[in-house]
>>> print(open('start-v2.cif').read())   # mmCIF, C-alpha atoms (C1' of nucleotides)
data_run
loop_
_atom_site.label_atom_id
_atom_site.label_comp_id
_atom_site.auth_asym_id
_atom_site.auth_seq_id
_atom_site.Cartn_x
_atom_site.Cartn_y
_atom_site.Cartn_z
CA MET V 1 46.87 -4.24 -0.19
CA TYR V 2 45.38 -1.27 1.69
CA ASN V 3 47.25 -2.47 4.78
CA LYS V 4 50.59 -3.50 3.27
CA GLY V 5 51.08 -0.97 0.48
CA LYS V 6 52.24 2.62 0.53
CA ASN V 7 49.82 5.47 0.06
CA ALA V 8 49.95 9.09 -1.00
CA HIS V 9 47.31 11.81 -0.75
CA SER V 10 46.51 14.94 -2.71
CA SER V 11 43.50 17.23 -2.91
CA SER V 12 41.68 15.17 -5.54
CA VAL V 13 43.40 11.74 -5.68
CA VAL V 14 44.54 9.05 -3.28
CA LEU V 15 47.00 6.46 -4.54
CA PHE V 16 47.69 3.04 -3.06
CA TYR V 17 50.76 1.22 -4.38
CA LEU V 18 52.29 -2.19 -3.75
CA GLN V 19 55.56 -3.05 -5.41
CA ALA V 20 55.90 -6.41 -7.15
CA ASN V 21 58.21 -7.55 -9.88
CA GLY V 22 56.74 -8.68 -13.16
CA VAL V 23 53.21 -7.57 -12.24
CA LYS V 24 51.50 -4.44 -13.51
CA LYS V 25 47.90 -4.00 -12.41
CA VAL V 26 45.73 -0.95 -11.97
CA GLY V 27 42.33 -0.21 -10.42
CA PHE V 28 40.17 2.89 -10.31
CA THR V 29 37.77 3.51 -7.46
CA ALA V 30 34.98 6.03 -7.15
CA THR V 31 32.71 5.42 -4.22
CA LYS V 32 29.14 6.59 -3.79
CA LYS V 33 30.46 9.46 -1.72
CA VAL V 34 31.78 11.07 -4.90
CA GLY V 35 28.43 11.38 -6.62
CA ASN V 36 25.93 9.64 -8.82
CA ALA V 37 26.64 7.13 -11.56
CA VAL V 38 27.43 9.76 -14.17
CA ILE V 39 30.06 11.48 -12.03
CA ARG V 40 31.65 8.23 -10.92
CA ASN V 41 31.95 6.88 -14.44
CA ARG V 42 33.43 10.14 -15.62
CA SER V 43 36.01 10.10 -12.80
CA LYS V 44 37.11 6.62 -13.73
CA ARG V 45 37.40 7.57 -17.39
CA ARG V 46 39.57 10.58 -16.57
CA PHE V 47 41.83 8.41 -14.42
CA ARG V 48 42.14 5.89 -17.22
CA ALA V 49 43.06 8.56 -19.76
CA LEU V 50 45.70 10.07 -17.46
CA PHE V 51 47.10 6.71 -16.48
CA SER V 52 47.69 5.79 -20.12
CA GLU V 53 49.94 8.86 -20.43
CA TYR V 54 52.20 7.70 -17.60
CA ALA V 55 51.91 3.94 -18.02
CA SER V 56 55.17 3.44 -19.96
CA SER V 57 57.32 5.26 -17.38
CA LEU V 58 56.04 3.47 -14.29
CA ASN V 59 57.63 0.74 -12.20
CA ASP V 60 56.04 -2.66 -11.88
CA GLY V 61 53.48 -3.14 -9.16
CA THR V 62 49.80 -2.76 -8.31
CA TYR V 63 48.14 0.66 -8.32
CA ILE V 64 44.80 1.76 -6.98
CA PHE V 65 43.55 5.29 -7.64
CA VAL V 66 40.71 6.53 -5.44
CA ALA V 67 38.67 9.58 -6.36
CA LYS V 68 37.86 12.23 -3.75
CA VAL V 69 34.81 14.44 -3.54
CA THR V 70 36.63 17.49 -4.96
CA LEU V 71 37.51 15.67 -8.18
CA LYS V 72 34.45 16.74 -10.14
CA GLU V 73 35.41 20.43 -9.79
CA THR V 74 39.11 19.90 -10.50
CA SER V 75 40.43 21.05 -13.88
CA TYR V 76 42.54 18.89 -16.13
CA LEU V 77 45.82 20.69 -15.36
CA SER V 78 45.54 20.59 -11.57
CA LEU V 79 44.44 16.97 -11.73
CA LYS V 80 47.53 16.20 -13.78
CA ASN V 81 49.67 17.96 -11.14
CA ASP V 82 48.06 15.92 -8.39
CA PHE V 83 48.63 12.77 -10.37
CA LYS V 84 52.30 13.54 -10.84
CA LYS V 85 52.64 14.52 -7.19
CA VAL V 86 51.32 11.25 -5.78
CA LEU V 87 53.33 9.16 -8.21
CA THR V 88 56.51 11.00 -7.30
CA LYS V 89 55.80 10.82 -3.59
CA ILE V 90 55.56 7.09 -3.77
CA GLY V 91 58.63 6.72 -5.91
CA ALA V 92 56.94 4.90 -8.72
CA LEU V 93 58.15 7.13 -11.51
CA ARG V 94 61.20 5.60 -13.13
CA ASN V 95 62.88 8.85 -14.24
CA ALA V 96 61.69 11.15 -11.48
"C1'" C J 1 0.48 44.87 -25.40
"C1'" A J 2 0.13 42.61 -20.22
"C1'" G J 3 -1.08 38.48 -17.25
"C1'" G J 4 -2.52 33.45 -17.37
"C1'" U J 5 -4.06 28.10 -18.99
"C1'" A J 6 -3.16 23.57 -21.77
"C1'" C J 7 -0.19 20.67 -25.01
"C1'" A J 8 4.08 19.54 -27.96
"C1'" A J 9 9.41 19.67 -29.61
"C1'" C J 10 14.79 20.05 -28.85
"C1'" A J 11 18.16 17.97 -24.75
"C1'" A J 12 24.71 21.11 -27.79
"C1'" G J 13 28.22 21.88 -31.80
"C1'" U J 14 33.13 21.94 -34.09
"C1'" U J 15 37.51 20.29 -35.79
"C1'" G J 16 42.58 18.29 -34.40
"C1'" A J 17 45.43 14.65 -31.51
"C1'" U J 18 45.17 10.03 -28.63
"C1'" G J 19 41.85 5.81 -27.38
"C1'" C J 20 37.49 2.00 -26.25
"C1'" U J 21 33.12 -1.83 -27.50
"C1'" U J 22 30.58 -4.61 -31.32
"C1'" G J 23 30.10 -6.11 -36.37
"C1'" A J 24 31.82 -6.65 -41.47
"C1'" A J 25 35.55 -6.83 -45.21
"C1'" C J 26 40.38 -7.57 -46.56
"C1'" A J 27 44.18 -9.91 -44.83
"C1'" C J 28 46.52 -13.65 -41.93
"C1'" C J 29 46.72 -11.37 -36.21
"C1'" G J 30 47.03 -6.28 -37.84
"C1'" U J 31 44.66 -2.48 -41.20
"C1'" U J 32 40.20 -0.24 -43.29
"C1'" C J 33 35.04 0.79 -43.04
"C1'" A J 34 30.27 1.02 -40.35
"C1'" A J 35 27.40 1.47 -35.88
"C1'" G J 36 27.60 2.76 -30.65
"C1'" A J 37 22.80 5.57 -23.79
"C1'" G J 38 17.70 8.59 -22.12
"C1'" G J 39 13.31 11.65 -21.97
"C1'" A J 40 13.28 10.26 -18.06
"C1'" A J 41 18.09 4.96 -19.32
"C1'" A J 42 16.33 6.96 -12.57
"C1'" G J 43 12.54 5.40 -8.66
"C1'" U J 44 11.07 0.05 -8.83
"C1'" C J 45 4.84 1.90 -7.84
"C1'" U J 46 2.02 -1.08 -11.36
"C1'" G J 47 0.10 -4.41 -16.15
"C1'" G J 48 2.15 -8.17 -19.28
"C1'" G J 49 5.74 -11.32 -22.24
"C1'" C J 50 9.77 -14.91 -21.20
"C1'" U J 51 12.11 -18.73 -17.64
"C1'" A J 52 12.26 -22.20 -13.41
"C1'" C J 53 9.90 -24.62 -9.28
"C1'" C J 54 5.22 -26.06 -6.72
"C1'" G J 55 3.37 -33.76 -10.54
"C1'" U J 56 -0.83 -32.64 -14.49
"C1'" A J 57 -6.02 -31.08 -15.19
"C1'" A J 58 -10.74 -29.40 -13.29
"C1'" G J 59 -13.81 -27.54 -9.33
"C1'" A J 60 -15.23 -25.52 -4.35
"C1'" C J 61 -13.91 -22.69 -0.20
"C1'" A J 62 -10.49 -19.38 1.83
"C1'" G J 63 -7.55 -15.19 0.53
"C1'" G J 64 -6.36 -10.86 -2.39
"C1'" G J 65 -7.58 -6.80 -5.73
"C1'" U J 66 -10.87 -3.07 -8.13
"C1'" U J 67 -15.08 0.53 -7.26
"C1'" C J 68 -19.53 7.21 -10.79
"C1'" C J 69 -20.52 5.90 -16.47
"C1'" A J 70 -18.97 4.58 -21.36
"C1'" U J 71 -14.96 3.54 -24.51
"C1'" U J 72 -9.70 2.01 -25.66
"C1'" U J 73 -6.10 -1.83 -24.84
"C1'" A J 74 -2.48 -8.01 -24.96
"C1'" A J 75 -3.46 -6.31 -19.98
"C1'" C J 76 -3.71 -2.79 -15.95
"C1'" G J 77 -4.76 0.13 -10.19
"C1'" A J 78 -3.17 3.00 -16.91
"C1'" A J 79 -5.33 6.10 -20.94
"C1'" U J 80 -9.46 8.83 -23.52
"C1'" G J 81 -14.22 11.19 -23.43
"C1'" G J 82 -18.31 12.30 -20.28
"C1'" C J 83 -21.08 12.88 -15.30
"C1'" C J 84 -20.84 14.76 -10.24
"C1'" A J 85 -18.29 17.62 -6.37
"C1'" U J 86 -14.69 21.49 -5.13
"C1'" A J 87 -11.40 25.89 -6.66
"C1'" G J 88 -10.97 29.90 -10.30
"C1'" U J 89 -13.98 36.04 -13.65
"C1'" A J 90 -12.42 32.48 -17.41
"C1'" A J 91 -9.26 29.14 -20.37
"C1'" U J 92 -8.76 25.16 -16.99
"C1'" A J 93 -7.26 22.35 -12.64
"C1'" U J 94 -8.02 18.87 -8.65
"C1'" G J 95 -10.57 13.81 -7.01
"C1'" A J 96 -9.43 6.38 -2.37
"C1'" G J 97 -16.10 9.52 -6.38
"C1'" G J 98 -20.29 2.02 -5.05
"C1'" G J 99 -23.72 1.03 -0.67
"C1'" A J 100 -25.23 4.34 5.94
"C1'" A J 101 -33.03 2.71 3.42
"C1'" A J 102 -29.27 -5.28 4.56
"C1'" G J 103 -27.22 -5.72 9.46
"C1'" U J 104 -23.69 -4.73 13.70
"C1'" G J 105 -20.63 -1.06 15.90
"C1'" C J 106 -18.41 3.86 17.16
"C1'" A J 107 -19.05 9.42 18.07
"C1'" A J 108 -13.29 12.12 22.50
"C1'" C J 109 -13.66 16.87 25.39
"C1'" A J 110 -17.47 20.14 26.74
"C1'" G J 111 -22.56 19.75 27.77
"C1'" A J 112 -28.55 18.50 31.52
"C1'" A J 113 -28.78 15.45 27.15
"C1'" A J 114 -24.97 12.38 21.47
"C1'" A J 115 -28.85 8.46 17.98
"C1'" U J 116 -34.71 3.94 21.22
"C1'" A J 117 -32.90 11.09 22.05
"C1'" G J 118 -32.55 14.08 26.22
"C1'" A J 119 -35.58 18.49 31.19
"C1'" C J 120 -29.75 22.09 33.77
"C1'" C J 121 -31.76 27.14 33.30
"C1'" G J 122 -36.22 28.95 31.27
"C1'" C J 123 -41.68 28.57 29.77
"C1'" C J 124 -46.77 26.42 30.97
"C1'" G J 125 -50.35 23.77 34.09
"C1'" U J 126 -51.41 21.95 38.86
"C1'" U J 127 -50.89 20.80 44.42
"C1'" U J 128 -49.14 22.84 49.22
"C1'" G J 129 -48.20 27.71 51.22
"C1'" A J 130 -49.72 34.31 53.72
"C1'" A J 131 -45.40 34.81 50.65
"C1'" A J 132 -40.70 33.13 49.16
"C1'" A J 133 -40.31 28.53 47.59
"C1'" A J 134 -40.94 23.24 47.08
"C1'" G J 135 -43.30 18.72 44.90
"C1'" C J 136 -45.69 16.42 40.49
"C1'" G J 137 -46.67 16.70 35.31
"C1'" G J 138 -46.19 18.93 30.28
"C1'" U J 139 -42.83 21.38 26.81
"C1'" G J 140 -37.05 20.51 22.40
"C1'" A J 141 -39.95 26.79 20.72
"C1'" G J 142 -35.69 30.37 23.93
"C1'" G J 143 -30.45 30.09 26.71
"C1'" G J 144 -25.67 28.00 27.10
"C1'" U J 145 -21.95 23.55 25.35
"C1'" G J 146 -20.10 21.18 21.03
"C1'" A J 147 -17.24 19.03 14.91
"C1'" A J 148 -22.46 17.64 15.16
"C1'" A J 149 -28.44 19.38 19.30
"C1'" A J 150 -32.45 15.41 14.93
"C1'" G J 151 -34.02 20.35 8.05
"C1'" G J 152 -34.96 26.36 7.37
"C1'" U J 153 -38.57 30.72 7.35
"C1'" G J 154 -43.51 32.20 8.34
"C1'" G J 155 -48.21 30.76 10.01
"C1'" U J 156 -52.31 27.52 12.15
"C1'" G J 157 -52.62 25.52 16.69
"C1'" U J 158 -51.99 25.22 22.20
"C1'" A J 159 -52.04 25.94 29.11
"C1'" A J 160 -47.08 26.31 27.03
"C1'" G J 161 -45.26 23.84 22.77
"C1'" A J 162 -43.97 20.54 18.80
"C1'" G J 163 -43.75 18.43 10.79
"C1'" A J 164 -48.84 17.80 15.18
"C1'" C J 165 -50.88 20.46 10.70
"C1'" C J 166 -50.33 24.16 6.42
"C1'" A J 167 -47.55 27.40 2.70
"C1'" C J 168 -42.90 28.37 0.50
"C1'" C J 169 -37.73 26.84 0.37
"C1'" A J 170 -33.17 23.08 0.81
"C1'" G J 171 -32.03 17.87 0.53
"C1'" U J 172 -33.19 12.44 0.06
"C1'" G J 173 -35.93 8.11 -1.71
"C1'" U J 174 -39.79 6.20 -5.08
"C1'" C J 175 -42.79 6.72 -9.61
"C1'" U J 176 -43.76 9.04 -14.44
"C1'" A J 177 -42.29 11.97 -18.76
"C1'" U J 178 -38.35 14.06 -21.81
"C1'" A J 179 -32.85 14.09 -23.37
"C1'" G J 180 -28.70 10.61 -23.21
"C1'" U J 181 -25.61 3.90 -24.81
"C1'" A J 182 -24.97 5.11 -19.55
"C1'" A J 183 -23.45 7.84 -15.14
"C1'" U J 184 -26.82 11.77 -14.90
"C1'" A J 185 -29.77 16.22 -15.98
"C1'" U J 186 -34.58 18.84 -16.37
"C1'" A J 187 -39.88 18.86 -15.22
"C1'" G J 188 -44.09 16.89 -12.59
"C1'" A J 189 -46.26 13.75 -8.86
"C1'" U J 190 -45.53 11.42 -4.24
"C1'" A J 191 -43.47 9.72 0.96
"C1'" G J 192 -42.93 14.14 6.66
"C1'" C J 193 -38.43 10.39 4.78
"C1'" U J 194 -33.92 14.28 6.96
"C1'" U J 195 -26.49 13.68 12.00
"C1'" G J 196 -21.70 11.73 10.71
"C1'" U J 197 -18.45 7.52 10.07
"C1'" A J 198 -17.47 2.08 5.15
"C1'" A J 199 -9.06 4.99 5.48
"C1'" A J 200 -14.74 0.35 11.49
"C1'" C J 201 -16.69 -4.62 10.63
"C1'" C J 202 -19.58 -5.53 6.64
"C1'" C J 203 -22.76 -5.91 1.88
"C1'" A J 204 -23.00 -5.79 -3.58
"C1'" A J 205 -20.89 -6.21 -8.52
"C1'" C J 206 -16.65 -7.51 -11.36
"C1'" C J 207 -11.55 -9.62 -11.66
"C1'" C J 208 -7.31 -12.98 -10.01
"C1'" G J 209 -3.38 -20.08 -9.38
"C1'" G J 210 1.26 -19.07 -6.09
"C1'" U J 211 6.60 -17.99 -5.48
"C1'" A J 212 11.08 -16.35 -7.50
"C1'" G J 213 13.30 -13.38 -11.02
"C1'" C J 214 18.06 -13.00 -17.02
"C1'" A J 215 22.69 -13.25 -10.76
"C1'" A J 216 15.84 -16.40 -14.42
"C1'" G J 217 17.27 -20.46 -17.03
"C1'" A J 218 19.54 -24.00 -21.09
"C1'" A J 219 23.79 -26.61 -23.25
"C1'" A J 220 29.01 -28.29 -23.65
"C1'" C J 221 33.76 -29.52 -21.41
"C1'" A J 222 36.66 -30.35 -16.93
"C1'" G J 223 36.80 -31.36 -11.59
"C1'" A J 224 35.44 -33.05 -6.84
"C1'" U J 225 31.78 -34.42 -3.16
"C1'" G J 226 27.12 -35.44 -1.74
"C1'" G J 227 21.64 -34.91 -0.47
"C1'" U J 228 16.38 -36.37 -0.45
"C1'" U J 229 11.91 -40.41 -0.86
"C1'" A J 230 8.74 -35.26 -0.87
"C1'" G J 231 5.52 -31.06 -2.18
"C1'" C J 232 1.03 -25.82 -4.07
"C1'" G J 233 -3.23 -21.72 1.52
"C1'" U J 234 -7.11 -25.93 2.54
"C1'" C J 235 -10.31 -29.59 0.56
"C1'" U J 236 -12.57 -32.72 -3.34
"C1'" U J 237 -12.44 -35.47 -8.03
"C1'" A J 238 -9.81 -37.70 -12.23
"C1'" C J 239 -5.14 -39.18 -14.23
"C1'" A J 240 0.25 -40.14 -13.95
"C1'" U J 241 4.99 -41.63 -11.58
"C1'" U J 242 9.89 -43.78 -9.25
"C1'" G J 243 12.96 -41.17 -9.78
"C1'" C J 244 14.32 -36.06 -8.76
"C1'" U J 245 18.15 -32.72 -7.62
"C1'" A J 246 22.39 -29.90 -5.71
"C1'" C J 247 28.40 -27.74 -5.89
"C1'" U J 248 33.08 -25.36 -8.40
"C1'" G J 249 35.63 -23.38 -12.94
"C1'" U J 250 35.53 -21.91 -18.21
"C1'" U J 251 32.89 -21.09 -22.68
"C1'" U J 252 28.50 -20.62 -25.64
"C1'" C J 253 23.35 -19.64 -25.84
"C1'" G J 254 19.41 -16.71 -23.48
"C1'" C J 255 20.68 -11.19 -26.11
"C1'" U J 256 17.61 -8.16 -28.92
"C1'" A J 257 12.81 -7.28 -35.21
"C1'" G J 258 9.58 -5.66 -30.86
"C1'" A J 259 1.50 -6.19 -28.64
"C1'" G J 260 8.26 -1.77 -32.12
"C1'" U J 261 9.48 3.27 -34.80
"C1'" U J 262 8.48 7.01 -38.66
"C1'" G J 263 5.30 8.93 -42.65
"C1'" A J 264 0.70 9.11 -45.57
"C1'" U J 265 -4.57 8.01 -46.17
"C1'" C J 266 -9.20 6.55 -43.97
"C1'" U J 267 -12.56 5.71 -39.34
"C1'" G J 268 -13.35 7.96 -34.42
"C1'" U J 269 -14.79 14.15 -30.32
"C1'" A J 270 -10.47 11.41 -28.32
"C1'" A J 271 -7.46 7.30 -26.30
"C1'" A J 272 -6.94 4.24 -30.39
"C1'" G J 273 -7.85 1.16 -34.80
"C1'" A J 274 -7.35 -0.29 -40.17
"C1'" U J 275 -4.53 -0.13 -44.79
"C1'" C J 276 -0.13 1.12 -47.52
"C1'" A J 277 4.96 2.54 -47.59
"C1'" A J 278 9.88 3.35 -45.56
"C1'" A J 279 14.19 2.82 -42.59
"C1'" G J 280 16.78 -0.24 -39.34
"C1'" U J 281 22.89 -5.03 -36.09
"C1'" A J 282 24.04 -0.53 -28.83
"C1'" G J 283 24.36 -5.61 -26.55
"C1'" A J 284 28.71 -4.89 -22.39
"C1'" U J 285 30.19 -8.24 -17.67
"C1'" U J 286 34.22 -4.02 -13.85
"C1'" A J 287 31.29 -3.29 -17.72
"C1'" A J 288 32.65 0.31 -24.33
"C1'" U J 289 30.01 4.82 -26.29
"C1'" A J 290 35.51 8.60 -24.32
"C1'" U J 291 40.12 12.09 -22.74
"C1'" C J 292 42.30 16.91 -23.84
"C1'" A J 293 41.52 21.62 -26.57
"C1'" C J 294 37.84 25.59 -28.68
"C1'" U J 295 32.79 28.23 -28.91
"C1'" A J 296 29.04 30.60 -24.51
"C1'" U J 297 28.48 29.98 -18.74
"C1'" A J 298 24.79 24.47 -20.37
"C1'" A J 299 20.18 21.04 -16.57
"C1'" C J 300 18.55 16.36 -14.60
"C1'" A J 301 20.86 12.18 -15.25
"C1'" A J 302 24.41 6.27 -17.45
"C1'" A J 303 21.42 0.78 -20.98
"C1'" A J 304 22.38 -4.47 -18.26
"C1'" C J 305 16.19 -9.66 -20.66
"C1'" C J 306 12.16 -6.97 -23.32
"C1'" C J 307 7.57 -4.07 -23.87
"C1'" G J 308 2.72 -0.81 -21.85
"C1'" G J 309 1.86 2.90 -18.13
"C1'" C J 310 2.68 5.82 -13.48
"C1'" U J 311 5.88 8.82 -10.25
"C1'" U J 312 9.94 11.91 -9.31
"C1'" A J 313 14.35 15.25 -11.24
"C1'" C J 314 15.47 19.07 -14.97
"C1'" C J 315 19.58 24.22 -17.94
"C1'" G J 316 18.27 27.10 -21.79
"C1'" U J 317 14.92 27.82 -25.69
"C1'" U J 318 11.10 27.34 -29.41
"C1'" G J 319 6.19 26.39 -31.41
"C1'" U J 320 0.69 25.75 -31.43
"C1'" A J 321 -4.21 26.47 -29.39
"C1'" C J 322 -7.19 28.95 -25.89
"C1'" C J 323 -8.84 32.54 -21.69
"C1'" U J 324 -9.11 37.42 -19.11
"C1'" A J 325 -8.37 42.76 -18.82
"C1'" C J 326 -7.23 47.30 -21.38
"C1'" U J 327 -6.62 50.30 -25.98
"C1'" U J 328 -7.87 51.18 -31.21
"C1'" U J 329 -11.08 50.11 -35.44
#
>>> encode(input="start-v2.cif", output="structure tokens")
Amino acid sequence: MYNKGKNAHSSSVVLFYLQANGVKKVGFTATKKVGNAVIRNRSKRRFRALFSEYASSLNDGTYIFVAKVTLKETSYLSLKNDFKKVLTKIGALRNA
RNA sequence: CAGGUACAACAAGUUGAUGCUUGAACACCGUUCAAGAGGAAAGUCUGGGCUACCGUAAGACAGGGUUCCAUUUAACGAAUGGCCAUAGUAAUAUGAGGGAAAGUGCAACAGAAAAUAGACCGCCGUUUGAAAAAGCGGUGAGGGUGAAAAGGUGGUGUAAGAGACCACCAGUGUCUAUAGUAAUAUAGAUAGCUUGUAAACCCAACCCGGUAGCAAGAAACAGAUGGUUAGCGUCUUACAUUGCUACUGUUUCGCUAGAGUUGAUCUGUAAAGAUCAAAGUAGAUUAAUAUCACUAUAACAAAACCCGGCUUACCGUUGUACCUACUUU
């Protein structure tokens, strides 16, 4: 998936996407580089909360969101912007 | 009032919107209600419980661990109180703290000489010599070297010297008395007994089956293919036995009421113990316990089988007890 799919970068998020009809899967990744267990769990929770906002307007396919080191200092609004940016870049938003 | 010491406690809150995990009820597959991370959940350093394997049980040896004393505890390498040593004016803190007189070993460099002491300079005696000096012997008091030079000071003594002898002092061992459960302390007597190293081997006392860990392990269903005839560190004795066991997937159990928590009373200096009372479902498996907003900027850090300790990290704040100095009375 990392090899075949498309990817898009922003300051706090990296998105990997592979199109597939009838499948809708999502994964959240926060490696040890990001921080300790508390920070990683919090990153994944924030991703999950944001993803549920966009979930209905997304195309089918498999998504992987990867957290970057700067994520823990990013505010909600700028994270939302980044989220929108990577989704648009990849063309996953249905009504973009 | 200033500085310090010890211990303890808390570890955000608010409401609104949108959600998650578990349980219960209703209902009949969605509603309602309830509960939902820590003081260290961390490091994985230790003591156990629990589970499996090493056939079972007992013993010996080997091996490992502990190390001032007493107490506490299920147990411990932990805790409490004390002793000793060191640091601090003190409150207090720190501690790999048995034995060097059971034995063996080791002590770099420097230095003449380093543990059976040892003569380089010096000092003393004597022989040779006119003298300078040389030879032989004595001397550990003086010099210099070193982490350490074989207790210290003064005297007696002597050719010069020496615990060789004496007085006082420091330490050590032994004995006695007193205090203490004891470690030990104090006092007296006595032995001229006096370097360090046990994180060198070793000795003494006490303690210990080993390995793996809940991804342990157990059960059910389904599937497909096999493996081995044996074994704890070693040995001995007794008994028993031919069967034992592995793989993949899913589900259930293991899974949370426990050597537990809180409060009161009593016992104890304390760790802790006894009695009585009260409250109480976190239990997941990519893994819930949130996301956004507001107050004020908020640490370290996320349960994963469960308990006792230890270690390390830490924002902001509060309380209690004590010590020292100064001022006033």
>>> atom_distance(input="start-v2.cif", atom1="C1' of C214 (chain J)", atom2="CA of Ile39 (chain V)")
27.7 Å
>>> residues_around(input="start-v2.cif", residues="region 191-203 of chain J", least_positions_apart="3", cutoff="10 Å", atoms="all atoms listed in the file", output="list in words")
A96, G99, A100, A101, A102, G103, U104, G105, C106, A107, A114, A115, A147, A148, A149, A150, G151, G163, G171, U172, G173 and U174 of chain J
>>> write_last_selection(input="start-v2.cif", atoms="C-alpha atoms (C1' of nucleotides)", output="short mmCIF file (atom, residue, chain, number, x, y, z; two decimals), in the coordinates of the input")
data_model
loop_
_atom_site.label_atom_id
_atom_site.label_comp_id
_atom_site.auth_asym_id
_atom_site.auth_seq_id
_atom_site.Cartn_x
_atom_site.Cartn_y
_atom_site.Cartn_z
"C1'" A J 96 -9.43 6.38 -2.37
"C1'" G J 99 -23.72 1.03 -0.67
"C1'" A J 100 -25.23 4.34 5.94
"C1'" A J 101 -33.03 2.71 3.42
"C1'" A J 102 -29.27 -5.28 4.56
"C1'" G J 103 -27.22 -5.72 9.46
"C1'" U J 104 -23.69 -4.73 13.70
"C1'" G J 105 -20.63 -1.06 15.90
"C1'" C J 106 -18.41 3.86 17.16
"C1'" A J 107 -19.05 9.42 18.07
"C1'" A J 114 -24.97 12.38 21.47
"C1'" A J 115 -28.85 8.46 17.98
"C1'" A J 147 -17.24 19.03 14.91
"C1'" A J 148 -22.46 17.64 15.16
"C1'" A J 149 -28.44 19.38 19.30
"C1'" A J 150 -32.45 15.41 14.93
"C1'" G J 151 -34.02 20.35 8.05
"C1'" G J 163 -43.75 18.43 10.79
"C1'" G J 171 -32.03 17.87 0.53
"C1'" U J 172 -33.19 12.44 0.06
"C1'" G J 173 -35.93 8.11 -1.71
"C1'" U J 174 -39.79 6.20 -5.08
#
>>> axis_aligned_box(input="start-v2.cif", around="region 65-68 of chain V", padding_each_side="3 Å", output="lines of an AutoDock Vina configuration file")
center_x = 40.7
center_y = 8.8
center_z = -5.7
size_x = 11.7
size_y = 12.9
size_z = 9.9
>>> residues_around(input="start-v2.cif", residues="U178 (chain J)", least_positions_apart="3", cutoff="12 Å", atoms="all atoms listed in the file", output="list in words")
A185, U186, A187 and G188 of chain J
>>> closest_residue(input="start-v2.cif", among="J:U295, J:C300, J:G77, J:U71", to="A270 (chain J)", atoms="all atoms listed in the file")
J:U71
>>> interface_residues(input="start-v2.cif", of="chain J", to="chain V", cutoff="8 Å", atoms="all atoms listed in the file", output="list in words")
A290, U291, C292, A301 and A302 of chain J
>>> resolve_selection(input="start-v2.cif", expression="the PyMOL selection byres ((chain J and resi 264) around 9)", output="ChimeraX atom specification")
/J:263,265,276-277
>>> atom_distance(input="start-v2.cif", atom1="C1' of G226 (chain J)", atom2="C1' of C253 (chain J)")
29.1 Å
>>> atom_distance(input="start-v2.cif", atom1="C1' of U176 (chain J)", atom2="C1' of G97 (chain J)")
28.8 Å
>>> residues_around(input="start-v2.cif", residues="G4 (chain J)", least_positions_apart="5", cutoff="12 Å", atoms="only C-alpha atoms (C1' of nucleotides)", output="number ranges by chain")
J: 88, 90-92, 322-325
>>> resolve_selection(input="start-v2.cif", expression="the PyMOL selection byres ((chain J and resi 46-60) around 8)", output="list in words")
C45, C61, A74, A75, C76, G77, A216, G217, G231, C232, U236, C239, A240, C306, C307, G308, G309 and C310 of chain J
>>> residues_around(input="start-v2.cif", residues="region 8-15 of chain J", least_positions_apart="4", cutoff="12 Å", atoms="only C-alpha atoms (C1' of nucleotides)", output="PDB file with C-alpha atoms (C1' of nucleotides), keeping the file's coordinate frame")
ATOM      1  C1'   G J  38      17.700   8.590 -22.120  1.00  0.00           C
ATOM      2  C1'   G J  39      13.310  11.650 -21.970  1.00  0.00           C
ATOM      3  C1'   A J  40      13.280  10.260 -18.060  1.00  0.00           C
ATOM      4  C1'   A J 293      41.520  21.620 -26.570  1.00  0.00           C
ATOM      5  C1'   C J 294      37.840  25.590 -28.680  1.00  0.00           C
ATOM      6  C1'   U J 295      32.790  28.230 -28.910  1.00  0.00           C
ATOM      7  C1'   A J 296      29.040  30.600 -24.510  1.00  0.00           C
ATOM      8  C1'   A J 298      24.790  24.470 -20.370  1.00  0.00           C
ATOM      9  C1'   A J 299      20.180  21.040 -16.570  1.00  0.00           C
ATOM     10  C1'   C J 300      18.550  16.360 -14.600  1.00  0.00           C
ATOM     11  C1'   A J 301      20.860  12.180 -15.250  1.00  0.00           C
ATOM     12  C1'   C J 314      15.470  19.070 -14.970  1.00  0.00           C
ATOM     13  C1'   C J 315      19.580  24.220 -17.940  1.00  0.00           C
ATOM     14  C1'   G J 316      18.270  27.100 -21.790  1.00  0.00           C
ATOM     15  C1'   U J 317      14.920  27.820 -25.690  1.00  0.00           C
ATOM     16  C1'   U J 318      11.100  27.340 -29.410  1.00  0.00           C
ATOM     17  C1'   G J 319       6.190  26.390 -31.410  1.00  0.00           C
ATOM     18  C1'   U J 320       0.690  25.750 -31.430  1.00  0.00           C
ATOM     19  C1'   A J 321      -4.210  26.470 -29.390  1.00  0.00           C
TER      20        A J 321
END
>>> residues_around(input="start-v2.cif", residues="Ile90 (chain V)", least_positions_apart="2", cutoff="12 Å", atoms="only C-alpha atoms (C1' of nucleotides)", output="PyMOL selection string")
chain V and resi 5-9+14-19+58-59+61+63+83-88+92-94+96
>>> resolve_selection(input="start-v2.cif", expression="the PyMOL selection byres ((chain J and resi 228) around 9)", output="list of chain:residue names")
J:G227, J:U229, J:A230, J:C244, J:U245
